[in-house]
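Right, one structure below, let's go through it.
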Amino acid sequence: MSPAGCPHVNGFKVDNWKQNLRVIYQCFVWSGSAETRKRKKEEGGDPQPVALSRPLQAKSCICHMCGAHLNRLHSCLSCVFFGCFTKKHIHEHAKNKRHNLAIDLLYGGIYCFVCQDYIYDKDMEQIAKEEQRKAWKLQGVGEKYSTWEPTKRELELLRHNPKRRKITTNCTIGLRGLINLGNTCFMNCIVQALTHTPLLRDFFLSDRHKCEMQSNSCLVCEMSQLFQEFYSGHRSPHIPFRLLHLVWTHARHLAGYEQQDAHEFLIAALDVLHRHCKDDNGKKANNPNNCNCIIDQIFTGGLQSDVTCQVCHGVSTTIDPFWDISLDLPGSSTPFWPLSPGGDGSTLNGESHLSGATTLTDCLRRFTRPEHLGSSAKIKCSGCHSYQESTKQLTMKKLPIVACFHLKRFEHSAKLRRKIPTYVSFPLELDMTPFMASSKESRMNGQYQQSVDVFNNDNKYSLFAVVNHQGTLESGHYTTFIRQHKDQWFKCDDAVITKASIKDVLDSEGYLLFYHKQFLEYE
Amino acid sequence: MSKDSKMRATINQKLTEMGERERLKELLRAKLTECGWRDQLKAHCKDVIKEKGLEHVTVEDLVVEITPKGRVLVPDSVKKELLQRIRAFLAQHAT
C-alpha cells in the first residue's frame, strides 16, 4: 500500500489526462441526475464533454468480455474497455494491452496492475473528490460528511502543543459547579444549559469568535472564557463574577441581588450574545434579518401565524423569528382544555398518559390549535375590504437546531401572582412533525395519514437539559439537569454536581426544556 | 448470457435509468449502518490488517476476507425490505 501513489501513473499523466479522467468519473462513476445531464445534451454546442444520460450509462456499463454489470466492473484508463475484476477480465486486458491502470466504477479507486493494488495518487484523488462533490450537488444530496484532514498549520500547532485530552464514554469533562453569588442561581442554571449545548460548545472550543469590540465588555468573549473554564478539567466550582458583571452592564433590568426569572435571563443573554456576535460579522446592528451569527444559527426558528378570515376564507400569513416557545399550562387562568381533535402527537412521542397527566405534546397541540379570535378582535381582511371575524393558527415554519420550551409556570395576572406546579410529562425524544406548517398543509389537503418517511429525520429532537424551579414565586431555587453522555445525566445545583437518573429527570416538574436536533444537515 | 443474467441486466437497467438504484443504495447504506453491520465489518477489517501487517496488506486481501462475512451478516429484515422495495418498484413500472 503506497499512500503517495505509484510510479506507474506517470505514463498516464500526459496530455489532457486530467480532463479525460474527469470525463470517466462524470460518465461512469459518479453520475448526476438524469434531467441535468439530458438538459446539458440538449443545450448543444457544449465544448465540454457531456456526461451520458442514465439510460445510456446503464446500457454501456457492462463487461466487454462477458456482458455482466456486477463483478466489480473496472474501466481501463488508457482505452475504452470495461471488464469484470472478479472474473479477471480486466486483468487479461491489462496484460494483453499493457494498460497498467484501471478505475473501479463502483467507488472510483484507481488500480495499478503492476503494483497489484489500489494506489492513491494525490492529483487523481483531488479530481475524484471534486467530481464526487459535483455529482452530489446535481443529485440534490449536497455536502456529505468527510473526515477531517489537518492543514499544515494545524499539524504544526498539534506538534507544538502535545497535551491531549481524551474523551471517554464516562468522562466528566465539561462538568463544573458554579458558585452562587447571591440569588444568582437563575443565571447559573442557564449557564449550565448553554455550556452543554453541543453546537455552542464546539463553536467556542474551536475558537470561532473573532472579537472586534474595542472595550472589554464583549459577552461573547466572556462566554468563550467560560467554556475554557468548564472544559479545562478543573473540578473546583467556578466563580462567574465577570459574567454577572457583564450581564448587569448589558441587561440592566436583571441587575441587583434579587432573584430573577431564569427564562428572562436566557432571552436577555441570547439577545446580548446575538448583538455582540453581529459586530463580528461587520453587519449593522439594526438589520435583524441578515444575521448569521452562531446564536441565530443554533437558536432561531420561524413561527408561522395564519389568520383566516371567516367570511372569504382568505389567509394572511406572517412568519416571525423565535428563540423559545412559551407554553400555557392547565391550571392557569387561560383555558387549556378541550384540545382540538386530530393529530397523533402524543402517541408519536411515546409520552405517558398515566393518571391523565398533561404532556408536552398536549401543550404543543394547544399552542398550534386554530383559535377563534372573537367578535371583539376583528381583523381587517384584505379580501373583504372590511373588518371580519377570523381564526388564528400558529405552526412551526422553520425549526431551530436547539428548541427551548418554556412552561409558563409563573402567572403574573392582574388578580394574582402565583406559581403553577402542574406536572407536565415530557419525552426524551421529541418529533415536531405534527406541529410543522407543512404538516398542517398536508392535513388540510386531506392527507391525514402522514407516513413516517424513513428519511425525514429533520424534525426529531433529543432532550439535553432541563431547568427546574423549586419553591414559590417569592422564594425559589433553580437547578439544571444536563445530559453528559447518551444516557448519563447530572444535576447541577449551583456548586454541587451530582449524578442523576433518567427517571429523576423525567419526573421533575420542568420549567425550561432544551431539545437538540438529532440529525444535522450541511447547508 | 443466460436467461437469468439477462433478466438481471434488464432489471438493473430499469433501476439505474429511473434513479431507483441510487435511492436503494442510500437506503441500504442507512439500514446497514443502523443495525451495526458497518461497525462489525470495520472491526473485522482492522483485525485482518493487524494479521497481515499494515505495510503488506492489499485491498484485495481485505475484499477476499470481508466479502463472505459481510454477506452472511446482513440481517434478514434488511434483505426483506430491499426485496420488497424492488418488487414494488418493478410492479409500478412494468412495461
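Labeling convention for the C-alpha cells: chains A, B, ... as they appear, residues from 1 per chain, ligands from 1 in order of appearance.
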Near-His64 of chain A list (8 Å; only C-alpha atoms; drop same-chain fewer than 3 positions) as JSON, numbers by chain: {"A": [67, 81, 82, 83]}
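In this structure, the chain B residues at most 9 Å away from chain A are B:Met1, B:Ser5, B:Lys6, B:Arg8, B:Ala9, B:Asn12, B:Gln13, B:Lys14, B:Leu15, B:Thr16, B:Glu17, B:Met18, B:Gly19, B:Leu27, B:Leu54, B:Glu55, B:His56, B:Val57, B:Thr58, B:Val59, B:Glu60, with only C-alpha atoms considered.
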Selection above as a file: C-alpha atoms, as a compact mmCIF listing (two decimals), in the first residue's frame:
# COMPACT_ATOMS: atom_id res chain seq x y z
CA MET B 1 -25.58 -14.71 -21.36
CA SER B 5 -28.33 -12.84 -16.15
CA LYS B 6 -30.31 -11.28 -19.00
CA ARG B 8 -30.71 -9.25 -14.05
CA ALA B 9 -29.28 -6.88 -16.61
CA ASN B 12 -30.52 -3.26 -13.35
CA GLN B 13 -31.01 -1.08 -16.37
CA LYS B 14 -34.52 -0.12 -15.32
CA LEU B 15 -33.42 0.66 -11.80
CA THR B 16 -30.49 2.76 -13.00
CA GLU B 17 -32.49 4.67 -15.58
CA MET B 18 -35.06 5.85 -13.08
CA GLY B 19 -32.52 6.67 -10.41
CA LEU B 27 -31.46 3.16 1.83
CA LEU B 54 -0.06 -2.67 7.59
CA GLU B 55 2.77 -2.49 5.06
CA HIS B 56 1.81 -5.65 3.16
CA VAL B 57 -1.95 -5.80 3.17
CA THR B 58 -3.69 -5.03 -0.11
CA VAL B 59 -7.26 -4.01 -0.87
CA GLU B 60 -7.70 -7.42 -2.45
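With only C-alpha atoms as the atoms that count, the minimum distance from Pro75 of chain B to the choices B:Glu26, B:Gly36, B:Lys46, B:Lys3 is reached by B:Gly36.
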Filtered DSSP result for segment 9-169 of chain A, state strand (DSSP E or B), as a VMD selection string: chain A and resid 73 to 76 82 to 84 101 to 104 110 to 112 117 to 119
